[in-house]
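Below: target-v3.txt (compact mmCIF, C-alpha atoms and all ligand atoms)
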# COMPACT_ATOMS: atom_id res chain seq x y z
CA MET E 1258 -53.29 96.32 -78.02
CA SER E 1259 -52.06 99.68 -79.15
CA LYS E 1260 -48.85 101.58 -78.94
CA PHE E 1261 -48.31 105.35 -78.92
CA TYR E 1262 -45.21 107.33 -79.46
CA VAL E 1263 -45.15 110.36 -77.16
CA GLU E 1264 -43.14 113.00 -78.93
CA LEU E 1265 -42.02 115.52 -76.36
CA LYS E 1266 -38.81 117.19 -77.47
CA LYS E 1267 -38.07 120.29 -75.47
CA VAL E 1268 -35.99 123.38 -75.86
CA VAL E 1269 -35.56 124.90 -72.41
CA ASP E 1270 -34.07 128.28 -71.61
CA ASP E 1271 -32.98 128.12 -67.98
CA SER E 1272 -30.67 131.14 -68.23
CA TYR E 1273 -30.51 133.42 -65.22
CA ASP E 1274 -28.60 136.38 -63.81
CA ILE E 1275 -26.14 136.25 -60.95
CA GLU E 1276 -25.77 139.62 -59.27
CA VAL E 1277 -22.78 140.22 -57.02
CA GLY E 1278 -22.93 143.33 -54.81
CA ARG E 1279 -23.55 144.68 -51.36
CA ASN E 1280 -26.90 145.12 -49.57
CA LEU E 1281 -29.02 143.82 -52.43
CA PHE E 1282 -32.51 143.94 -50.86
CA ASP E 1283 -33.35 147.09 -52.88
CA THR E 1284 -32.32 145.33 -56.08
CA LEU E 1285 -34.34 142.26 -55.14
CA VAL E 1286 -37.45 144.34 -54.42
CA ASN E 1287 -37.12 146.19 -57.74
CA ASP E 1288 -36.65 142.89 -59.57
CA LEU E 1289 -39.74 141.37 -57.89
CA LYS E 1290 -41.76 144.40 -58.94
CA GLY E 1291 -40.50 143.87 -62.47
CA GLU E 1292 -40.07 140.85 -64.70
CA LEU E 1293 -38.83 138.47 -61.99
CA GLY E 1294 -42.15 138.76 -60.15
CA VAL E 1295 -44.44 138.24 -63.15
CA GLY E 1296 -47.06 135.57 -62.38
CA ILE E 1297 -46.08 135.25 -58.70
CA SER E 1298 -48.83 135.78 -56.11
CA LYS E 1299 -46.98 134.85 -52.94
CA TYR E 1300 -43.43 134.39 -51.67
CA ALA E 1301 -41.98 131.97 -49.12
CA ILE E 1302 -38.65 133.07 -47.68
CA ILE E 1303 -36.84 129.94 -46.53
CA THR E 1304 -33.94 130.48 -44.17
CA ASP E 1305 -32.20 128.99 -41.14
CA SER E 1306 -32.01 129.89 -37.46
CA ASN E 1307 -28.68 131.74 -37.89
CA VAL E 1308 -29.71 133.85 -40.87
CA LYS E 1309 -33.29 134.58 -39.75
CA PRO E 1310 -32.39 137.10 -37.00
CA LEU E 1311 -29.63 138.66 -39.12
CA TYR E 1312 -31.41 139.05 -42.47
CA GLY E 1313 -34.57 136.90 -42.63
CA ASP E 1314 -36.75 139.07 -40.41
CA LYS E 1315 -35.55 142.22 -42.21
CA LEU E 1316 -36.30 140.81 -45.67
CA TYR E 1317 -39.71 139.60 -44.50
CA GLU E 1318 -40.64 143.01 -43.05
CA ARG E 1319 -39.34 144.78 -46.13
CA LEU E 1320 -41.39 142.63 -48.52
CA VAL E 1321 -44.52 143.05 -46.36
CA ARG E 1322 -43.98 146.83 -46.37
CA GLU E 1323 -43.65 146.76 -50.15
CA GLY E 1324 -47.06 145.07 -50.37
CA PHE E 1325 -45.98 141.51 -51.24
CA LYS E 1326 -47.74 138.47 -49.75
CA VAL E 1327 -44.95 136.67 -47.96
CA ASP E 1328 -44.20 134.03 -45.32
CA LEU E 1329 -40.97 133.36 -43.48
CA ILE E 1330 -40.06 129.74 -42.79
CA SER E 1331 -36.98 128.85 -40.77
CA PHE E 1332 -35.29 125.60 -39.75
CA PRO E 1333 -32.38 124.88 -37.37
CA ALA E 1334 -29.05 125.88 -38.90
CA GLY E 1335 -26.52 123.21 -39.88
CA GLU E 1336 -25.90 120.36 -42.31
CA LYS E 1337 -27.90 118.00 -40.08
CA SER E 1338 -31.06 119.85 -41.15
CA LYS E 1339 -30.44 119.11 -44.83
CA VAL E 1340 -32.64 116.00 -44.72
CA ARG E 1341 -35.97 114.79 -46.04
CA ALA E 1342 -37.71 115.52 -42.71
CA THR E 1343 -36.90 119.23 -42.98
CA LYS E 1344 -38.07 119.27 -46.59
CA GLU E 1345 -41.38 117.76 -45.47
CA MET E 1346 -41.70 120.28 -42.64
CA ILE E 1347 -41.18 123.19 -45.06
CA GLU E 1348 -43.61 121.72 -47.61
CA ASP E 1349 -46.31 121.19 -44.97
CA GLU E 1350 -45.85 124.72 -43.66
CA MET E 1351 -46.06 126.15 -47.16
CA LEU E 1352 -49.22 124.17 -47.89
CA ALA E 1353 -50.81 125.22 -44.59
CA LYS E 1354 -50.02 128.85 -45.39
CA GLY E 1355 -51.79 128.59 -48.73
CA HIS E 1356 -48.84 128.37 -51.09
CA ARG E 1357 -49.69 126.84 -54.43
CA ARG E 1358 -48.24 126.80 -57.92
CA ASP E 1359 -48.21 130.59 -58.19
CA SER E 1360 -45.77 130.87 -55.27
CA CYS E 1361 -42.06 131.54 -55.43
CA ILE E 1362 -39.39 130.55 -52.93
CA ILE E 1363 -36.66 132.94 -51.86
CA ALA E 1364 -33.80 130.87 -50.41
CA LEU E 1365 -31.98 133.17 -48.02
CA GLY E 1366 -28.81 131.75 -46.53
CA GLY E 1367 -25.81 129.53 -47.20
CA GLY E 1368 -25.43 126.25 -49.03
CA VAL E 1369 -27.67 124.19 -46.76
CA VAL E 1370 -30.54 126.65 -47.24
CA THR E 1371 -30.18 126.97 -51.01
CA ASP E 1372 -29.74 123.19 -51.54
CA LEU E 1373 -32.80 122.40 -49.45
CA ALA E 1374 -35.04 125.27 -50.57
CA GLY E 1375 -34.14 124.63 -54.21
CA PHE E 1376 -35.16 120.98 -53.82
CA VAL E 1377 -38.45 122.02 -52.20
CA ALA E 1378 -39.05 124.41 -55.12
CA GLY E 1379 -38.29 121.68 -57.65
CA THR E 1380 -41.00 119.36 -56.36
CA PHE E 1381 -43.56 121.68 -54.73
CA GLY E 1382 -46.61 121.75 -57.02
CA ARG E 1383 -44.35 119.86 -59.50
CA GLY E 1384 -42.01 122.82 -59.60
CA ILE E 1385 -42.27 126.48 -58.65
CA PRO E 1386 -39.69 129.22 -59.25
CA PHE E 1387 -36.99 129.97 -56.71
CA ILE E 1388 -34.47 132.71 -56.15
CA ASN E 1389 -31.19 132.26 -54.27
CA TYR E 1390 -30.03 135.08 -52.01
CA SER E 1391 -26.67 133.83 -50.83
CA THR E 1392 -25.30 134.99 -47.49
CA SER E 1393 -22.16 132.87 -47.14
CA ILE E 1394 -18.83 132.48 -48.93
CA LEU E 1395 -19.39 128.73 -49.25
CA GLY E 1396 -22.86 129.13 -50.74
CA SER E 1397 -21.77 131.83 -53.16
CA ALA E 1398 -18.79 129.74 -54.32
CA ASP E 1399 -20.78 126.62 -54.97
CA ALA E 1400 -24.31 125.76 -53.90
CA SER E 1401 -26.20 128.89 -54.95
CA VAL E 1402 -25.02 128.59 -58.55
CA GLY E 1403 -25.41 125.71 -61.01
CA GLY E 1404 -28.79 124.27 -60.03
CA LYS E 1405 -27.77 121.28 -57.93
CA THR E 1406 -30.30 120.88 -55.15
CA ALA E 1407 -30.38 118.00 -52.69
CA VAL E 1408 -30.78 116.56 -49.22
CA ASP E 1409 -28.44 114.22 -47.36
CA THR E 1410 -29.33 110.73 -46.19
CA PRO E 1411 -27.76 108.74 -43.32
CA LEU E 1412 -25.64 106.94 -45.95
CA ALA E 1413 -24.09 110.01 -47.57
CA THR E 1414 -24.53 113.63 -48.58
CA ASN E 1415 -26.57 114.93 -51.53
CA LEU E 1416 -27.84 111.53 -52.70
CA ILE E 1417 -31.43 112.66 -53.24
CA GLY E 1418 -32.07 115.77 -55.27
CA LEU E 1419 -32.72 117.51 -58.53
CA ILE E 1420 -30.95 119.73 -61.00
CA TYR E 1421 -33.29 122.69 -60.90
CA GLN E 1422 -32.12 126.15 -61.82
CA PRO E 1423 -32.95 129.30 -59.86
CA LYS E 1424 -34.53 132.31 -61.57
CA LYS E 1425 -31.85 134.62 -60.20
CA VAL E 1426 -28.93 134.49 -57.76
CA TYR E 1427 -27.94 137.38 -55.51
CA ILE E 1428 -24.55 137.26 -53.83
CA ASP E 1429 -24.58 139.85 -51.07
CA LEU E 1430 -20.99 140.50 -50.02
CA ALA E 1431 -22.10 142.69 -47.09
CA THR E 1432 -23.54 139.58 -45.43
CA TRP E 1433 -20.07 138.01 -45.33
CA GLU E 1434 -19.19 140.56 -42.62
CA THR E 1435 -21.35 138.70 -40.11
CA LEU E 1436 -19.75 135.31 -40.80
CA PRO E 1437 -17.80 133.80 -37.89
CA LYS E 1438 -14.14 133.09 -38.67
CA GLU E 1439 -14.68 129.34 -39.07
CA GLN E 1440 -17.34 130.03 -41.70
CA ILE E 1441 -14.94 132.28 -43.62
CA SER E 1442 -12.42 129.43 -43.73
CA ASN E 1443 -15.21 126.95 -44.50
CA GLY E 1444 -16.21 128.98 -47.56
CA LEU E 1445 -12.69 129.32 -48.88
CA ALA E 1446 -12.23 125.59 -49.53
CA GLU E 1447 -14.46 125.65 -52.63
CA THR E 1448 -12.63 128.80 -53.74
CA ILE E 1449 -9.26 127.02 -53.51
CA LYS E 1450 -10.82 124.10 -55.38
CA HIS E 1451 -11.82 126.38 -58.26
CA ALA E 1452 -8.33 127.88 -58.46
CA CYS E 1453 -6.68 124.42 -58.40
CA LEU E 1454 -8.83 123.09 -61.21
CA ALA E 1455 -9.17 126.07 -63.50
CA ASP E 1456 -7.06 129.14 -62.91
CA LYS E 1457 -3.38 129.41 -62.03
CA VAL E 1458 -3.46 133.21 -61.89
CA PHE E 1459 -6.37 133.04 -59.44
CA PHE E 1460 -4.39 130.51 -57.37
CA GLU E 1461 -1.49 133.00 -57.20
CA TYR E 1462 -3.94 135.77 -56.26
CA LEU E 1463 -5.22 133.61 -53.40
CA GLU E 1464 -1.66 132.86 -52.27
CA GLU E 1465 -1.18 136.60 -51.95
CA HIS E 1466 -4.53 137.64 -50.49
CA ILE E 1467 -6.40 134.78 -48.83
CA GLN E 1468 -5.07 135.43 -45.33
CA GLU E 1469 -6.33 139.04 -45.46
CA LEU E 1470 -9.90 137.77 -45.13
CA LEU E 1471 -9.08 136.07 -41.83
CA GLU E 1472 -7.65 139.20 -40.20
CA PRO E 1473 -9.90 140.97 -37.67
CA ASN E 1474 -12.44 142.88 -39.81
CA GLY E 1475 -10.76 141.29 -42.84
CA ILE E 1476 -13.96 140.95 -44.84
CA HIS E 1477 -14.87 144.60 -44.27
CA ASN E 1478 -11.36 145.91 -44.92
CA HIS E 1479 -10.77 143.85 -48.05
CA ALA E 1480 -14.00 144.30 -49.93
CA GLU E 1481 -12.18 144.19 -53.28
CA VAL E 1482 -10.72 140.75 -52.44
CA CYS E 1483 -14.20 139.47 -51.56
CA GLU E 1484 -15.59 140.81 -54.82
CA HIS E 1485 -12.80 139.29 -56.89
CA ILE E 1486 -13.22 135.92 -55.18
CA ALA E 1487 -17.01 135.94 -55.63
CA GLU E 1488 -16.78 136.85 -59.31
CA LYS E 1489 -14.03 134.33 -60.06
CA ASN E 1490 -15.93 131.52 -58.32
CA CYS E 1491 -19.07 132.26 -60.35
CA LYS E 1492 -17.19 132.54 -63.64
CA ILE E 1493 -15.21 129.31 -63.16
CA LYS E 1494 -18.30 127.38 -62.13
CA TYR E 1495 -20.39 128.88 -64.92
CA GLU E 1496 -17.85 127.92 -67.60
CA VAL E 1497 -18.19 124.29 -66.50
CA VAL E 1498 -21.95 124.14 -65.86
CA LYS E 1499 -22.88 125.77 -69.17
CA GLN E 1500 -21.06 122.95 -70.98
CA ASP E 1501 -22.34 120.05 -68.87
CA GLU E 1502 -25.29 121.00 -66.68
CA ARG E 1503 -26.24 117.39 -65.89
CA GLU E 1504 -22.72 116.15 -65.05
CA THR E 1505 -22.37 113.66 -67.86
CA ASN E 1506 -18.59 114.20 -67.71
CA LEU E 1507 -16.99 117.65 -67.48
CA ARG E 1508 -18.99 118.81 -64.44
CA GLN E 1509 -17.29 116.05 -62.46
CA ILE E 1510 -14.26 118.32 -62.23
CA LEU E 1511 -16.20 120.40 -59.70
CA ASN E 1512 -15.91 117.28 -57.55
CA LEU E 1513 -12.18 117.84 -57.10
CA GLY E 1514 -11.41 116.93 -53.49
CA HIS E 1515 -14.98 115.72 -52.92
CA THR E 1516 -14.46 111.96 -53.31
CA ILE E 1517 -12.68 111.83 -49.97
CA GLY E 1518 -14.22 115.11 -48.78
CA ARG E 1519 -17.83 113.93 -48.86
CA ALA E 1520 -16.94 110.57 -47.34
CA ILE E 1521 -15.22 112.08 -44.31
CA GLU E 1522 -17.89 114.76 -43.89
CA THR E 1523 -20.50 112.03 -43.41
CA LEU E 1524 -18.17 109.84 -41.32
CA SER E 1525 -17.50 112.74 -38.97
CA ASP E 1526 -21.27 113.00 -38.43
CA TYR E 1527 -20.93 116.59 -39.67
CA THR E 1528 -18.55 117.65 -36.93
CA LEU E 1529 -16.32 118.46 -39.90
CA LEU E 1530 -17.78 121.39 -41.84
CA HIS E 1531 -18.17 120.84 -45.59
CA GLY E 1532 -15.24 123.14 -46.38
CA GLU E 1533 -13.00 121.43 -43.81
CA ALA E 1534 -13.78 118.02 -45.30
CA VAL E 1535 -13.21 119.32 -48.84
CA ALA E 1536 -9.91 120.90 -47.75
CA ILE E 1537 -8.66 117.52 -46.52
CA GLY E 1538 -9.99 115.92 -49.71
CA LEU E 1539 -8.17 118.51 -51.84
CA ALA E 1540 -4.91 117.98 -49.97
CA MET E 1541 -5.25 114.21 -50.37
CA GLN E 1542 -6.07 114.27 -54.10
CA ALA E 1543 -2.99 116.46 -54.60
CA GLN E 1544 -0.81 113.97 -52.73
CA ILE E 1545 -2.31 110.98 -54.55
CA GLY E 1546 -1.91 112.94 -57.80
CA GLU E 1547 1.77 113.41 -56.98
CA LYS E 1548 2.23 109.63 -56.71
CA LEU E 1549 0.52 109.25 -60.08
CA GLY E 1550 2.65 111.96 -61.67
CA TYR E 1551 -0.05 114.59 -62.22
CA VAL E 1552 1.42 117.25 -59.89
CA SER E 1553 4.94 117.98 -58.69
CA THR E 1554 6.11 117.91 -55.07
CA GLU E 1555 6.43 121.69 -55.16
CA GLU E 1556 2.83 122.07 -56.45
CA VAL E 1557 1.52 119.81 -53.70
CA GLU E 1558 3.32 121.95 -51.14
CA ARG E 1559 1.73 125.10 -52.57
CA VAL E 1560 -1.75 123.53 -52.39
CA MET E 1561 -1.19 122.41 -48.79
CA LYS E 1562 0.18 125.81 -47.80
CA LEU E 1563 -2.76 127.68 -49.35
CA ILE E 1564 -5.24 125.42 -47.54
CA GLU E 1565 -3.42 126.08 -44.27
CA LYS E 1566 -3.34 129.84 -44.94
CA ALA E 1567 -7.15 129.69 -45.23
CA GLY E 1568 -7.27 128.21 -41.72
CA LEU E 1569 -8.32 124.79 -43.01
CA PRO E 1570 -7.07 121.26 -42.17
CA THR E 1571 -5.05 119.10 -44.56
CA LYS E 1572 -4.88 115.84 -42.61
CA LEU E 1573 -7.32 113.12 -41.65
CA SER E 1574 -7.87 112.98 -37.91
CA ASP E 1575 -6.78 109.84 -36.03
CA ASP E 1576 -10.36 108.91 -35.17
CA MET E 1577 -11.06 108.23 -38.85
CA PRO E 1578 -9.57 104.84 -39.68
CA THR E 1579 -8.49 104.31 -43.30
CA ASP E 1580 -10.77 101.28 -43.67
CA LYS E 1581 -13.87 103.27 -42.75
CA VAL E 1582 -12.90 106.07 -45.12
CA VAL E 1583 -12.36 103.62 -47.98
CA GLN E 1584 -15.70 101.90 -47.37
CA LYS E 1585 -17.48 105.25 -47.38
CA LEU E 1586 -15.92 106.14 -50.74
CA TYR E 1587 -18.33 103.63 -52.33
CA THR E 1588 -21.24 105.98 -51.60
CA ASP E 1589 -19.75 108.62 -53.90
CA LYS E 1590 -21.96 109.60 -56.84
CA LYS E 1591 -19.09 109.05 -59.29
CA VAL E 1592 -18.86 105.31 -58.50
CA ARG E 1593 -19.38 103.35 -61.76
CA SER E 1594 -19.49 99.55 -62.05
CA GLY E 1595 -18.52 99.32 -58.37
CA LYS E 1596 -15.30 101.31 -58.86
CA ILE E 1597 -14.29 104.36 -56.87
CA ARG E 1598 -13.42 107.27 -59.14
CA PHE E 1599 -11.29 110.34 -58.52
CA VAL E 1600 -10.83 113.69 -60.23
CA PHE E 1601 -7.27 115.04 -60.15
CA GLN E 1602 -5.76 118.43 -60.74
CA GLU E 1603 -2.96 118.56 -63.27
CA GLY E 1604 -0.33 120.97 -62.10
CA ILE E 1605 -2.05 124.07 -60.75
CA GLY E 1606 -5.01 125.56 -62.58
CA SER E 1607 -5.96 122.56 -64.68
CA VAL E 1608 -7.53 119.11 -64.39
CA LYS E 1609 -6.26 115.79 -65.63
CA GLN E 1610 -8.07 114.38 -68.62
CA PHE E 1611 -8.00 110.60 -68.94
CA GLU E 1612 -8.70 108.13 -71.73
CA ASP E 1613 -11.87 108.71 -73.78
CA GLU E 1614 -11.86 112.34 -72.61
CA ASN E 1615 -12.97 111.27 -69.15
CA TYR E 1616 -12.41 113.66 -66.28
CA SER E 1617 -12.38 111.00 -63.56
CA ILE E 1618 -10.47 107.76 -63.21
CA ALA E 1619 -11.21 104.51 -61.36
CA LEU E 1620 -8.62 103.52 -58.76
CA GLU E 1621 -8.30 100.10 -57.13
CA GLU E 1622 -9.39 99.88 -53.51
CA ASP E 1623 -6.06 98.40 -52.36
CA PHE E 1624 -4.12 101.21 -53.99
CA ILE E 1625 -6.37 103.84 -52.36
CA ARG E 1626 -6.04 102.16 -48.97
CA GLU E 1627 -2.26 101.94 -49.22
CA ILE E 1628 -1.86 105.52 -50.28
CA ILE E 1629 -4.23 106.92 -47.64
CA ASP E 1630 -2.29 104.98 -45.00
CA GLU E 1631 0.92 106.46 -46.28
CA ILE E 1632 -0.12 110.12 -46.49
CA ARG E 1633 -2.44 110.40 -43.52
N1 LIG D 1 -20.81 121.20 -56.27
C1 LIG D 1 -20.40 120.68 -57.49
C2 LIG D 1 -21.31 121.03 -58.62
O1 LIG D 1 -22.09 121.95 -58.52
O2 LIG D 1 -21.27 120.38 -59.63
Starting from the file, lay out its structure as structure tokens.
Ligand code: GLY
Amino acid sequence: MSKFYVELKKVVDDSYDIEVGRNLFDTLVNDLKGELGVGISKYAIITDSNVKPLYGDKLYERLVREGFKVDLISFPAGEKSKVRATKEMIEDEMLAKGHRRDSCIIALGGGVVTDLAGFVAGTFGRGIPFINYSTSILGSADASVGGKTAVDTPLATNLIGLIYQPKKVYIDLATWETLPKEQISNGLAETIKHACLADKVFFEYLEEHIQELLEPNGIHNHAEVCEHIAEKNCKIKYEVVKQDERETNLRQILNLGHTIGRAIETLSDYTLLHGEAVAIGLAMQAQIGEKLGYVSTEEVERVMKLIEKAGLPTKLSDDMPTDKVVQKLYTDKKVRSGKIRFVFQEGIGSVKQFEDENYSIALEEDFIREIIDEIR
């Protein structure tokens, strides 16, 4: 018998740049010709069926013209594609096309694309580099930044995945101009979440400007609002992730509105978009928070009004019985010792900190059921 101690302490530098701008293909090409492309022999652009005809084909042709070896892999758009079967399809296609450990993935699209492609990158050849090129408000506010990658399972969203950081993130505001109105609203839910949990001044800014983005040509005509929103989202998220990358505690605050949000997104079989589900979850945590004394009635009204201004729902639909919602809450990643946990905003622009510096609190099932019945 023998026993070995494997000493393997690591210092890892996973720092990366986030570049916010318009029409960033030139920047990307220059970066790939420079330091970002060092050691890479081949690129796989991973995108979805909505983004491929808009930007995927163009990026592919551009990279081919620039002399890069590149493949373009697309899957059907929508949350329902964010599953293990799609991951396998992409992996098999990459293998068949000769991708190996000297490849790099360019995830081109919204949150579904960057979550899925990042997860592929994290396990392909035991980990290859990936770059996020975000083309949606939702993706730029949340999924493209912070390194969470995942797929959904029939039980719930994002249960299988990795924390795996991209080498660079591009947020191309020009691509927001091709978003349909429902996707503009969809993206704004995570933006409202950031304002609720971290920045009162940003919340007031959104109260003044959010509706401008939903006007006809609103994204084009209010480029400065888009830029401000994109930068604020990145900064707020970055401040949290740099302190707690692996969500041991603080990063849970980015789950504001997601305890109920994720549950109803899955229950709706993804007929609710992620942002719509989060909007309802945000409205409900504010109302539950009011009962618990964390926010005032006036603050709840402001949160509800801002969500409505963004064209998002605040109420559970009748076809979602309270019992089913409560049961689904047990699939949440924050559940500890069989208890459902919630994050709450405190006033506007801050989060409630509980005993032992915890940022989430366990609530009894009966209390949750009662309160959902009352506010729904
Ligand atoms: N989407 C929440 C987080 O990145 O932690």
Give one line per residue of chain E that approaches ligand LIG 1 (chain D) to at most 7 Å, naming the two atoms of the closest pair and their distance in Å to one decimal, counting all atoms listed in the file; sort by chain then ascending residue number and deliver it as JSON lines.
{"residue": "E:Asp1399", "atom": "CA", "partner": "D:LIG1", "partner_atom": "N1", "distance": 5.6}
{"residue": "E:Ala1400", "atom": "CA", "partner": "D:LIG1", "partner_atom": "N1", "distance": 6.2}
{"residue": "E:Gly1403", "atom": "CA", "partner": "D:LIG1", "partner_atom": "O1", "distance": 5.6}
{"residue": "E:Lys1405", "atom": "CA", "partner": "D:LIG1", "partner_atom": "O1", "distance": 5.7}
{"residue": "E:Arg1508", "atom": "CA", "partner": "D:LIG1", "partner_atom": "O2", "distance": 5.5}
{"residue": "E:Gln1509", "atom": "CA", "partner": "D:LIG1", "partner_atom": "O2", "distance": 6.5}
{"residue": "E:Leu1511", "atom": "CA", "partner": "D:LIG1", "partner_atom": "C1", "distance": 4.8}
{"residue": "E:Asn1512", "atom": "CA", "partner": "D:LIG1", "partner_atom": "C1", "distance": 5.6}
Using only C-alpha atoms, please write the residues we just selected to a file, as a PDB file, in the frame of the given file.
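The file below, selection20.pdb, is the result:
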ATOM      1  CA  ASP E1399     -20.780 126.620 -54.970  1.00  0.00           C
ATOM      2  CA  ALA E1400     -24.310 125.760 -53.900  1.00  0.00           C
ATOM      3  CA  GLY E1403     -25.410 125.710 -61.010  1.00  0.00           C
ATOM      4  CA  LYS E1405     -27.770 121.280 -57.930  1.00  0.00           C
ATOM      5  CA  ARG E1508     -18.990 118.810 -64.440  1.00  0.00           C
ATOM      6  CA  GLN E1509     -17.290 116.050 -62.460  1.00  0.00           C
ATOM      7  CA  LEU E1511     -16.200 120.400 -59.700  1.00  0.00           C
ATOM      8  CA  ASN E1512     -15.910 117.280 -57.550  1.00  0.00           C
TER       9      ASN E1512
END
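In this model, the gap between CA of Ile1597 (chain E) and CA of Gln1500 (chain E) comes to 24.3 Å.
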As an exercise, work out the distance from CA of Gly1604 (chain E) to CA of Gln1544 (chain E) in Å and give it to one decimal place. 11.7 Å
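In this structure, CA of Asn1280 (chain E) sits 28.8 Å away from CA of Val1408 (chain E).
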Might you pull out every residue within 12 Å of region 1319-1322 of chain E, with only C-alpha atoms counted and same-chain residues fewer than 4 positions away left off, and present them as a PyMOL selection string? chain E and resi 1282-1283+1285-1287+1289-1290+1299-1302+1312-1315+1326-1329+1363
Taking (-23.1, 129.9, -55.6) in the file's coordinates as the center, which residues reach within 12 Å of it, counting all atoms listed in the file, put as an MDAnalysis selection string? chainID E and resid 1274:1277 1364 1366:1372 1388:1406 1422:1423 1425:1429 1444 1447:1448 1486:1495 1498
Within 8 Å of region 1377-1386 of chain E, which residues of region 1411-1433 of chain E come that close, and what is the closest atom pair and distance in Å for each? Count only C-alpha atoms and give it as CSV.
residue,atom,partner,partner_atom,distance
E:Leu1419,CA,E:Gly1379,CA,7.0
E:Tyr1421,CA,E:Gly1379,CA,6.0
E:Pro1423,CA,E:Pro1386,CA,6.8
E:Lys1424,CA,E:Pro1386,CA,6.4
Show me, as JSON, the centre and edge lengths in Å to one decimal of the axis-aligned box that covers every listed atom of region 1512-1526 of chain E with 4 Å on each side.
{"center_x": -16.3, "center_y": 113.8, "center_z": -48.0, "size_x": 17.9, "size_y": 16.0, "size_z": 27.1}
Write out as a Markdown table a residue-level contact list of region 1555-1588 of chain E versus region 1466-1474 of chain E with cut-off 12 Å: for each qualifying residue the closest pair of atoms and the distance in Å to one decimal, counting all atoms listed in the file, rows sorted by chain and residue number upward.
| residue | atom | partner | partner_atom | distance |
| --- | --- | --- | --- | --- |
| E:Lys1562 | CA | E:Ile1467 | CA | 11.2 |
| E:Leu1563 | CA | E:Ile1467 | CA | 8.0 |
| E:Ile1564 | CA | E:Ile1467 | CA | 9.5 |
| E:Glu1565 | CA | E:Gln1468 | CA | 9.6 |
| E:Lys1566 | CA | E:Gln1468 | CA | 5.9 |
| E:Ala1567 | CA | E:Gln1468 | CA | 6.1 |
| E:Gly1568 | CA | E:Leu1471 | CA | 8.1 |
| E:Leu1569 | CA | E:Gln1468 | CA | 11.4 |
For the selection you just gave me, I'd like the residues written to a file as a compact mmCIF listing (two decimals), in the coordinates of the input, keeping C-alpha atoms.
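Below you can see out-v3.txt, which holds the result:
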# COMPACT_ATOMS: atom_id res chain seq x y z
CA LYS E 1562 0.18 125.81 -47.80
CA LEU E 1563 -2.76 127.68 -49.35
CA ILE E 1564 -5.24 125.42 -47.54
CA GLU E 1565 -3.42 126.08 -44.27
CA LYS E 1566 -3.34 129.84 -44.94
CA ALA E 1567 -7.15 129.69 -45.23
CA GLY E 1568 -7.27 128.21 -41.72
CA LEU E 1569 -8.32 124.79 -43.01
Nearest to Val1552 (chain E) among E:Gly1606, E:Gly1532, E:Gly1538, E:Pro1437, with distances taken over only C-alpha atoms: which residue is it? E:Gly1606
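If you measure from each of E:Phe1601, E:Arg1593, E:Asp1576, E:Asp1288 to Ala1619 (chain E) using only C-alpha atoms, the closest one turns out to be E:Arg1593.
Proximity ranking of E:Leu1539, E:Met1346, E:Met1351, E:Val1263 relative to Leu1513 (chain E) places E:Leu1539 first, based on all atoms listed in the file.
Of the residues under consideration (E:Cys1453, E:Arg1341, E:Val1583, E:Ala1446), E:Arg1341 shows the shortest atom-to-atom contact distance to Asn1415 (chain E) when counting all atoms listed in the file.
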With 12 Å as the threshold, what does the neighbourhood of (-9.0, 104.1, -40.8) contain in terms of residues, counting all atoms listed in the file? Coordinates are those of the file; answer as a ChimeraX atom specification. /E:1521,1524,1573-1585,1625-1631,1633
Selected residues written out, C-alpha atoms, as a PDB file, keeping the file's coordinate frame:
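As written to disk, out-v2.pdb reads:
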ATOM      1  CA  ILE E1521     -15.220 112.080 -44.310  1.00  0.00           C
ATOM      2  CA  LEU E1524     -18.170 109.840 -41.320  1.00  0.00           C
ATOM      3  CA  LEU E1573      -7.320 113.120 -41.650  1.00  0.00           C
ATOM      4  CA  SER E1574      -7.870 112.980 -37.910  1.00  0.00           C
ATOM      5  CA  ASP E1575      -6.780 109.840 -36.030  1.00  0.00           C
ATOM      6  CA  ASP E1576     -10.360 108.910 -35.170  1.00  0.00           C
ATOM      7  CA  MET E1577     -11.060 108.230 -38.850  1.00  0.00           C
ATOM      8  CA  PRO E1578      -9.570 104.840 -39.680  1.00  0.00           C
ATOM      9  CA  THR E1579      -8.490 104.310 -43.300  1.00  0.00           C
ATOM     10  CA  ASP E1580     -10.770 101.280 -43.670  1.00  0.00           C
ATOM     11  CA  LYS E1581     -13.870 103.270 -42.750  1.00  0.00           C
ATOM     12  CA  VAL E1582     -12.900 106.070 -45.120  1.00  0.00           C
ATOM     13  CA  VAL E1583     -12.360 103.620 -47.980  1.00  0.00           C
ATOM     14  CA  GLN E1584     -15.700 101.900 -47.370  1.00  0.00           C
ATOM     15  CA  LYS E1585     -17.480 105.250 -47.380  1.00  0.00           C
ATOM     16  CA  ILE E1625      -6.370 103.840 -52.360  1.00  0.00           C
ATOM     17  CA  ARG E1626      -6.040 102.160 -48.970  1.00  0.00           C
ATOM     18  CA  GLU E1627      -2.260 101.940 -49.220  1.00  0.00           C
ATOM     19  CA  ILE E1628      -1.860 105.520 -50.280  1.00  0.00           C
ATOM     20  CA  ILE E1629      -4.230 106.920 -47.640  1.00  0.00           C
ATOM     21  CA  ASP E1630      -2.290 104.980 -45.000  1.00  0.00           C
ATOM     22  CA  GLU E1631       0.920 106.460 -46.280  1.00  0.00           C
ATOM     23  CA  ARG E1633      -2.440 110.400 -43.520  1.00  0.00           C
TER      24      ARG E1633
END
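Nearest residue to His1515 (chain E), choosing from E:Thr1588, E:Thr1528, E:His1485, E:Asp1501 and counting all atoms listed in the file: E:Thr1588.
Between Ser1442 (chain E) and the residues E:Lys1457, E:Ala1407, E:Phe1376, E:Pro1570, the shortest atom-to-atom distance, using only C-alpha atoms, involves E:Pro1570.
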